[in-house]
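Trainee: So I've got this file, target-v1.txt, and it contains compact mmCIF, C-alpha atoms and all ligand atoms:
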# COMPACT_ATOMS: atom_id res chain seq x y z
CA MET S 1 29.42 100.97 -3.28
CA ILE S 2 32.03 98.45 -4.31
CA ALA S 3 34.16 97.31 -1.36
CA ILE S 4 36.38 94.33 -0.65
CA ASP S 5 34.64 92.30 2.03
CA LEU S 6 36.25 89.12 3.34
CA THR S 7 34.21 88.91 6.52
CA GLY S 8 33.93 85.31 7.70
CA ARG S 9 36.72 84.06 5.41
CA ARG S 10 39.72 82.22 6.80
CA ALA S 11 43.02 82.87 5.03
CA LEU S 12 46.49 81.38 5.27
CA VAL S 13 49.39 83.48 3.99
CA THR S 14 52.71 81.67 3.83
CA GLY S 15 55.85 83.66 4.53
CA ALA S 16 53.83 86.35 6.27
CA SER S 17 56.29 87.46 8.94
CA GLY S 18 57.82 90.09 6.66
CA GLY S 19 58.08 91.53 3.16
CA LEU S 20 55.16 91.05 0.80
CA GLY S 21 53.48 88.41 2.97
CA ARG S 22 53.18 90.73 5.92
CA ALA S 23 51.39 93.36 3.83
CA MET S 24 49.12 90.67 2.37
CA ALA S 25 48.18 89.35 5.82
CA GLU S 26 47.43 92.90 6.97
CA ALA S 27 45.32 93.69 3.91
CA LEU S 28 43.30 90.47 4.15
CA ALA S 29 42.67 91.13 7.85
CA GLU S 30 41.66 94.72 7.12
CA ALA S 31 39.12 93.36 4.65
CA GLY S 32 37.66 91.24 7.45
CA ALA S 33 39.36 87.85 7.04
CA GLN S 34 40.75 85.80 9.89
CA VAL S 35 44.40 85.34 8.95
CA ALA S 36 46.89 82.57 9.65
CA VAL S 37 50.30 84.27 9.60
CA HIS S 38 52.79 81.60 8.57
CA TYR S 39 56.51 81.86 9.33
CA ARG S 40 59.41 79.43 8.97
CA LYS S 41 61.61 80.12 11.94
CA GLY S 42 61.69 82.57 14.84
CA SER S 43 58.14 83.43 15.80
CA GLU S 44 58.86 87.02 16.96
CA ALA S 45 58.33 88.75 13.62
CA ALA S 46 55.15 86.77 12.93
CA GLU S 47 53.84 87.53 16.42
CA ALA S 48 54.49 91.22 15.78
CA VAL S 49 52.40 91.02 12.59
CA VAL S 50 49.63 89.28 14.55
CA ALA S 51 49.79 91.89 17.32
CA GLY S 52 49.53 94.71 14.76
CA ILE S 53 46.49 93.13 13.13
CA ARG S 54 44.81 92.55 16.49
CA ALA S 55 45.56 96.12 17.58
CA ARG S 56 43.54 97.29 14.57
CA GLY S 57 40.63 95.03 15.54
CA GLY S 58 41.48 92.20 13.16
CA LYS S 59 41.81 88.47 13.75
CA ALA S 60 45.12 86.66 13.28
CA GLN S 61 47.27 83.88 14.65
CA ALA S 62 50.87 82.81 13.91
CA PHE S 63 51.82 79.32 12.73
CA GLY S 64 55.35 78.00 12.11
CA ALA S 65 56.33 75.38 9.50
CA ASP S 66 58.98 74.58 6.92
CA ILE S 67 57.07 74.86 3.64
CA ALA S 68 59.71 72.73 1.89
CA ASP S 69 58.78 69.75 4.07
CA PRO S 70 55.46 68.16 3.02
CA GLN S 71 54.95 66.61 6.46
CA ALA S 72 55.44 69.97 8.13
CA VAL S 73 52.91 71.43 5.68
CA ALA S 74 50.39 68.73 6.63
CA ALA S 75 50.92 69.57 10.31
CA LEU S 76 50.51 73.28 9.52
CA PHE S 77 47.10 72.68 7.94
CA THR S 78 46.04 70.46 10.86
CA ALA S 79 46.94 73.31 13.23
CA VAL S 80 45.13 75.96 11.16
CA GLU S 81 42.08 73.69 10.86
CA ALA S 82 42.06 73.14 14.63
CA ALA S 83 42.29 76.89 15.30
CA PHE S 84 40.06 78.28 12.54
CA GLY S 85 37.80 75.32 11.73
CA GLY S 86 38.84 75.39 8.06
CA ILE S 87 40.33 77.54 5.35
CA ASP S 88 38.84 79.54 2.47
CA ILE S 89 41.84 81.42 1.05
CA LEU S 90 45.40 80.19 0.55
CA VAL S 91 48.12 82.62 -0.48
CA ASN S 92 51.29 80.77 -1.48
CA ASN S 93 53.69 83.63 -0.91
CA ALA S 94 56.70 82.06 0.85
CA GLY S 95 59.69 82.02 -1.44
CA ILE S 96 63.45 82.34 -1.71
CA ASP S 97 65.57 83.46 -4.63
CA GLY S 98 68.66 81.41 -3.77
CA VAL S 99 72.29 82.30 -4.33
CA ARG S 100 73.14 83.98 -7.62
CA ALA S 101 75.28 81.68 -9.77
CA PRO S 102 75.22 80.67 -13.42
CA VAL S 103 74.41 77.06 -14.25
CA GLY S 104 77.58 75.03 -13.85
CA ASP S 105 79.02 77.24 -11.14
CA ASP S 106 76.01 76.69 -8.91
CA ASP S 107 75.36 74.14 -6.19
CA PRO S 108 72.74 71.55 -7.26
CA ARG S 109 71.51 71.22 -3.66
CA ARG S 110 70.80 74.95 -3.54
CA TRP S 111 68.96 74.68 -6.88
CA GLU S 112 66.77 71.93 -5.43
CA GLN S 113 66.17 73.94 -2.27
CA VAL S 114 64.75 76.87 -4.28
CA LEU S 115 62.46 74.45 -6.11
CA ALA S 116 61.48 72.84 -2.80
CA VAL S 117 60.37 76.16 -1.29
CA ASP S 118 59.07 78.02 -4.36
CA LEU S 119 57.35 75.24 -6.30
CA ILE S 120 56.91 72.08 -4.24
CA GLY S 121 55.90 74.19 -1.22
CA PRO S 122 52.91 75.78 -2.99
CA TYR S 123 51.99 72.37 -4.41
CA SER S 124 52.03 70.81 -0.91
CA CYS S 125 49.97 73.68 0.51
CA ALA S 126 47.45 73.54 -2.34
CA ARG S 127 47.16 69.78 -1.87
CA GLN S 128 46.36 70.26 1.82
CA ALA S 129 43.91 73.11 1.19
CA LEU S 130 42.00 71.41 -1.61
CA PRO S 131 39.88 68.95 0.41
CA HIS S 132 38.58 71.87 2.49
CA LEU S 133 37.81 74.00 -0.56
CA VAL S 134 36.21 71.13 -2.50
CA LYS S 135 34.03 70.24 0.50
CA ALA S 136 32.92 73.86 0.85
CA GLY S 137 32.38 74.15 -2.91
CA LYS S 138 34.31 77.43 -2.88
CA GLY S 139 37.70 78.91 -2.19
CA VAL S 140 40.64 80.76 -3.66
CA ILE S 141 44.29 79.84 -4.08
CA ILE S 142 46.66 82.67 -5.00
CA ASN S 143 50.20 81.77 -6.03
CA ILE S 144 52.82 84.50 -5.90
CA THR S 145 55.12 84.14 -8.87
CA SER S 146 57.24 87.02 -10.19
CA VAL S 147 57.91 88.91 -13.39
CA HIS S 148 60.58 86.22 -13.60
CA GLU S 149 57.96 83.69 -14.58
CA PHE S 150 58.34 85.59 -17.90
CA ILE S 151 61.75 87.30 -17.79
CA PRO S 152 64.93 85.20 -17.76
CA TRP S 153 67.38 86.27 -15.05
CA GLU S 154 71.04 85.41 -15.23
CA GLY S 155 72.26 83.49 -12.22
CA TYR S 156 68.76 82.72 -10.98
CA SER S 157 67.81 79.69 -13.07
CA ALA S 158 66.26 77.88 -10.10
CA TYR S 159 64.11 80.90 -9.23
CA THR S 160 62.95 81.55 -12.80
CA SER S 161 62.25 77.85 -13.35
CA ALA S 162 60.30 77.59 -10.11
CA LYS S 163 58.23 80.70 -10.88
CA ALA S 164 57.46 79.62 -14.45
CA GLY S 165 56.55 76.21 -13.07
CA LEU S 166 54.28 77.77 -10.47
CA SER S 167 52.55 79.69 -13.24
CA MET S 168 51.72 76.51 -15.12
CA PHE S 169 50.75 74.77 -11.89
CA THR S 170 48.31 77.64 -11.33
CA LYS S 171 46.71 77.17 -14.74
CA THR S 172 46.50 73.39 -14.48
CA LEU S 173 45.03 73.44 -10.98
CA ALA S 174 42.58 76.14 -12.06
CA GLN S 175 41.46 73.93 -14.93
CA GLU S 176 41.03 70.98 -12.56
CA THR S 177 38.96 72.92 -10.03
CA ALA S 178 36.99 75.58 -11.93
CA ASP S 179 33.84 73.45 -11.89
CA LYS S 180 34.16 72.96 -8.13
CA GLY S 181 33.77 76.65 -7.28
CA ILE S 182 37.49 77.10 -6.71
CA ARG S 183 39.60 79.84 -8.29
CA VAL S 184 43.35 79.58 -8.69
CA VAL S 185 45.20 82.72 -9.69
CA ALA S 186 48.83 83.82 -9.89
CA VAL S 187 50.17 87.28 -9.13
CA ALA S 188 53.52 88.27 -10.62
CA PRO S 189 55.06 91.13 -8.64
CA GLY S 190 57.79 93.19 -10.25
CA ALA S 191 60.48 94.87 -8.20
CA ILE S 192 58.83 95.60 -4.87
CA GLN S 193 60.89 97.13 -2.08
CA THR S 194 61.31 94.31 0.47
CA PRO S 195 64.21 92.66 2.30
CA ILE S 196 64.65 90.19 -0.61
CA ASN S 197 66.12 92.92 -2.85
CA GLU S 198 67.62 95.20 -0.20
CA THR S 199 71.13 94.84 -1.66
CA VAL S 200 69.76 96.45 -4.82
CA TRP S 201 67.65 99.33 -3.45
CA SER S 202 70.23 100.23 -0.82
CA ASP S 203 72.86 100.77 -3.52
CA PRO S 204 72.19 103.99 -5.54
CA ASP S 205 73.76 102.67 -8.77
CA ALA S 206 71.97 99.32 -8.60
CA LEU S 207 68.69 101.13 -7.79
CA LYS S 208 69.11 103.43 -10.80
CA ASP S 209 69.63 100.40 -13.04
CA LEU S 210 66.54 98.68 -11.62
CA ASP S 211 64.34 101.81 -11.86
CA HIS S 212 65.35 102.03 -15.52
CA LYS S 213 63.88 98.56 -16.09
CA ILE S 214 60.45 99.71 -14.80
CA SER S 215 58.15 101.80 -17.01
CA MET S 216 56.88 103.77 -14.02
CA GLY S 217 60.49 104.38 -13.01
CA ARG S 218 60.14 103.31 -9.38
CA LEU S 219 59.99 100.23 -7.18
CA GLY S 220 56.62 99.11 -5.92
CA ARG S 221 55.44 99.14 -2.32
CA PRO S 222 54.26 95.93 -0.59
CA GLU S 223 50.80 97.48 -0.12
CA GLU S 224 50.51 97.78 -3.91
CA ILE S 225 50.66 93.99 -4.13
CA ALA S 226 48.61 93.37 -1.00
CA SER S 227 45.56 95.31 -2.20
CA VAL S 228 45.52 93.18 -5.36
CA ILE S 229 45.66 90.01 -3.26
CA ALA S 230 42.68 91.18 -1.20
CA PHE S 231 40.75 91.94 -4.40
CA LEU S 232 41.59 88.58 -6.01
CA ALA S 233 40.62 86.72 -2.83
CA SER S 234 37.25 88.45 -2.78
CA ASP S 235 34.04 87.83 -4.69
CA LEU S 236 34.78 90.97 -6.72
CA ALA S 237 37.16 88.69 -8.66
CA SER S 238 34.59 85.89 -9.00
CA TYR S 239 35.22 85.41 -12.74
CA ILE S 240 39.03 85.37 -12.60
CA THR S 241 40.81 82.03 -12.61
CA GLY S 242 43.79 80.34 -14.25
CA THR S 243 45.71 83.46 -15.17
CA THR S 244 48.64 85.54 -13.97
CA LEU S 245 48.12 89.17 -13.09
CA ALA S 246 51.37 91.13 -13.35
CA VAL S 247 51.68 93.93 -10.78
CA ASP S 248 54.96 95.38 -11.89
CA GLY S 249 54.72 99.11 -12.70
CA GLY S 250 55.11 98.19 -16.36
CA MET S 251 58.26 96.11 -16.13
CA LEU S 252 56.89 93.63 -18.65
CA ILE S 253 56.13 96.26 -21.30
CA TYR S 254 59.79 96.76 -22.23
CA PRO S 255 60.48 100.40 -21.25
CA ASP S 256 63.71 100.21 -23.28
CA PHE S 257 61.52 100.23 -26.41
CA ARG S 258 60.19 103.73 -25.74
CA ALA S 259 62.85 104.87 -28.15
CA GLY S 260 64.73 103.18 -30.94
CA GLY S 261 64.01 99.63 -31.93
C1 LIG L 301 62.77 89.44 -7.06
C2 LIG L 301 63.37 90.78 -6.78
C3 LIG L 301 63.62 91.53 -8.06
C4 LIG L 301 62.39 91.54 -8.95
C5 LIG L 301 62.65 92.19 -10.30
C6 LIG L 301 61.57 89.60 -7.93
O1 LIG L 301 60.98 88.37 -8.20
O2 LIG L 301 62.43 88.79 -5.84
O3 LIG L 301 64.59 90.60 -6.08
O4 LIG L 301 63.98 92.87 -7.77
O5 LIG L 301 61.93 90.23 -9.13
O6 LIG L 301 63.80 91.68 -10.92
Let me see whether you can do it: turn the structure in this file into structure tokens.

Mentor:
Amino acid sequence: MIAIDLTGRRALVTGASGGLGRAMAEALAEAGAQVAVHYRKGSEAAEAVVAGIRARGGKAQAFGADIADPQAVAALFTAVEAAFGGIDILVNNAGIDGVRAPVGDDDPRRWEQVLAVDLIGPYSCARQALPHLVKAGKGVIINITSVHEFIPWEGYSAYTSAKAGLSMFTKTLAQETADKGIRVVAVAPGAIQTPINETVWSDPDALKDLDHKISMGRLGRPEEIASVIAFLASDLASYITGTTLAVDGGMLIYPDFRAGG
């Protein structure tokens, strides 16, 4: 029987107090991993995730840090190391999309903030995780990008630039570490129903427009991303590195081209 088994693995999921990260932390724990549930501020939501995992017999602990601050990231890894004795799986999930504004009307500081969280954050985390993975001669880093590593998005130039950058970071780091037993993979979710896009799915007209952009005609569920993360983190994906897997219900296959053209 083929089953995802992460028993004995220690995972850190950034931005795991809600949205996609929460589902990822739960899936990794369900597959047997010990999970560090990272949050930025307000520990209550993260503690609730931890309590849920523990109630189902899993192992988890909450850790707070500002991913945009490299020193805070270093402290985060010191804390996880002290609690878990190391790390085998890093999921760089924490991200923000910023405030929608076309270039020129936007605030450069906000642009930089999106880059700081969505691109420099994963870099800082990967940098901290690497010595552990290299020493162990194995490990997995999963970077959460977006369909917007491929699709331009008006008003979100910081987000699209950060996600495209994270994609190339994934490939370069994978190339650097493939001979050290380390895999680095990106996952590009499409429109998944989470708090980040609540203004869209809570508005019937906006939801209709978004559904129309998806070949399957519906938003995804966080669990539909989380199961892929658990698979990619596992040895079942032992030959996958340096690539992006889109999990998007067919958003990237241009549903508008079903007719005409
Ligand atoms: C964004 C969502 C959006 C989706 C599709 C994601 O990266 O976070 O807000 O619905 O892309 O456009």

Trainee: So that all listed atoms of ligand LIG 301 (chain L) fit with 8 Å spare on each side, what axis-aligned box centre and edge lengths in Å, to one decimal, would you give as AutoDock Vina command-line options?

Mentor:
--center_x 62.8 --center_y 90.6 --center_z -8.4 --size_x 19.6 --size_y 20.5 --size_z 21.1

Trainee: When you look at S:Ser17 with a cut-off of 10 Å (counting all atoms listed in the file), what residues show up, excluding the ones that are within fewer than 5 positions of it in the same chain? I need them as number ranges by chain.

Mentor: S: 22-23, 25, 37-50, 62, 94

Trainee: In Å, with one decimal, what is the gap from atom CA of S:Gly64 to atom CA of S:Ile144?

Mentor: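 That distance, rounded to one decimal, is 19.3 Å.
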
Trainee: Using only C-alpha atoms and all ligand atoms, find each residue of chain S with at least one atom at most 10 Å away from an atom of ligand LIG 301 (chain L); report its shortest atom-to-atom pair and that distance in Å (one decimal), sort the rows by chain and rising residue number, and return the result as CSV.

Mentor:
residue,atom,partner,partner_atom,distance
S:Gly95,CA,L:LIG301,O2,8.5
S:Ile96,CA,L:LIG301,O2,7.7
S:Asp97,CA,L:LIG301,O2,6.3
S:Gly98,CA,L:LIG301,O2,9.9
S:Ile144,CA,L:LIG301,O1,9.3
S:Thr145,CA,L:LIG301,O1,7.3
S:Ser146,CA,L:LIG301,O1,4.4
S:Val147,CA,L:LIG301,O5,6.0
S:His148,CA,L:LIG301,O1,5.8
S:Glu149,CA,L:LIG301,O1,8.5
S:Ile151,CA,L:LIG301,O6,8.4
S:Pro152,CA,L:LIG301,O6,9.5
S:Trp153,CA,L:LIG301,O6,7.7
S:Tyr156,CA,L:LIG301,C1,9.8
S:Tyr159,CA,L:LIG301,O1,8.2
S:Thr160,CA,L:LIG301,O1,8.5
S:Lys163,CA,L:LIG301,O1,8.6
S:Ala188,CA,L:LIG301,O1,7.8
S:Pro189,CA,L:LIG301,O1,6.5
S:Gly190,CA,L:LIG301,C5,5.0
S:Ala191,CA,L:LIG301,C4,3.9
S:Ile192,CA,L:LIG301,O4,6.5
S:Gln193,CA,L:LIG301,O4,7.8
S:Thr194,CA,L:LIG301,O3,8.2
S:Pro195,CA,L:LIG301,O3,8.6
S:Ile196,CA,L:LIG301,O3,5.5
S:Asn197,CA,L:LIG301,O3,4.3
S:Glu198,CA,L:LIG301,O3,8.1
S:Thr199,CA,L:LIG301,O3,9.0
S:Val200,CA,L:LIG301,O4,7.4
S:Trp201,CA,L:LIG301,O4,8.6
S:Leu207,CA,L:LIG301,O4,9.5
S:Leu210,CA,L:LIG301,O4,7.4
S:Asp211,CA,L:LIG301,O4,9.8
S:Lys213,CA,L:LIG301,O6,8.6
S:Ile214,CA,L:LIG301,C5,9.0
S:Leu219,CA,L:LIG301,O4,8.4
S:Gly220,CA,L:LIG301,O4,9.8
S:Asp248,CA,L:LIG301,C5,8.5
S:Met251,CA,L:LIG301,C5,8.3

Trainee: So the first atom is atom CA of S:Met24 and the second is atom CA of S:Tyr123; what is the distance between them in Å, to one decimal place?

Mentor: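 Atom CA of S:Tyr123 lies at a distance of 19.7 Å from atom CA of S:Met24.
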
Trainee: With all atoms listed in the file as the counted atoms, please give the residues lying no more than 10 Å from S:Ala178, apart from itself and same-chain residues fewer than 5 positions off, as a VMD selection string.

Mentor: chain S and resid 138 173 183 to 184 241 to 242

Trainee: Give me the residues within 12 Å of S:Glu112 as a list in words, counting only C-alpha atoms and dropping any in the same chain fewer than 6 places off.

Mentor: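 Answer for this query is Ala68, Ile96, Asp97, Gly98, Val99, Asp106, Asp118, Leu119, Ile120, Gly121, Ser157, Ala158, Tyr159, Ser161 and Ala162 of chain S.
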
Trainee: Using all atoms listed in the file, determine which residues lie at most 12 Å from S:Lys171, disregarding the query and same-chain residues fewer than 4 positions distant; provide the list as a PDB file with C-alpha atoms, in the coordinates of the input.

Mentor:
ATOM      1  CA  ILE S 141      44.290  79.840  -4.080  1.00  0.00           C
ATOM      2  CA  ILE S 142      46.660  82.670  -5.000  1.00  0.00           C
ATOM      3  CA  ASN S 143      50.200  81.770  -6.030  1.00  0.00           C
ATOM      4  CA  ALA S 164      57.460  79.620 -14.450  1.00  0.00           C
ATOM      5  CA  GLY S 165      56.550  76.210 -13.070  1.00  0.00           C
ATOM      6  CA  LEU S 166      54.280  77.770 -10.470  1.00  0.00           C
ATOM      7  CA  SER S 167      52.550  79.690 -13.240  1.00  0.00           C
ATOM      8  CA  GLN S 175      41.460  73.930 -14.930  1.00  0.00           C
ATOM      9  CA  GLU S 176      41.030  70.980 -12.560  1.00  0.00           C
ATOM     10  CA  THR S 177      38.960  72.920 -10.030  1.00  0.00           C
ATOM     11  CA  ALA S 178      36.990  75.580 -11.930  1.00  0.00           C
ATOM     12  CA  ARG S 183      39.600  79.840  -8.290  1.00  0.00           C
ATOM     13  CA  VAL S 184      43.350  79.580  -8.690  1.00  0.00           C
ATOM     14  CA  VAL S 185      45.200  82.720  -9.690  1.00  0.00           C
ATOM     15  CA  ALA S 186      48.830  83.820  -9.890  1.00  0.00           C
ATOM     16  CA  ILE S 240      39.030  85.370 -12.600  1.00  0.00           C
ATOM     17  CA  THR S 241      40.810  82.030 -12.610  1.00  0.00           C
ATOM     18  CA  GLY S 242      43.790  80.340 -14.250  1.00  0.00           C
ATOM     19  CA  THR S 243      45.710  83.460 -15.170  1.00  0.00           C
ATOM     20  CA  THR S 244      48.640  85.540 -13.970  1.00  0.00           C
TER      21      THR S 244
END

Trainee: How many Å lie between atom CA of S:Ala83 and atom CA of S:Ala237, rounded to one decimal?

Mentor: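 Taking atom CA of S:Ala83 as the start and atom CA of S:Ala237 as the end point, the length is 27.2 Å.
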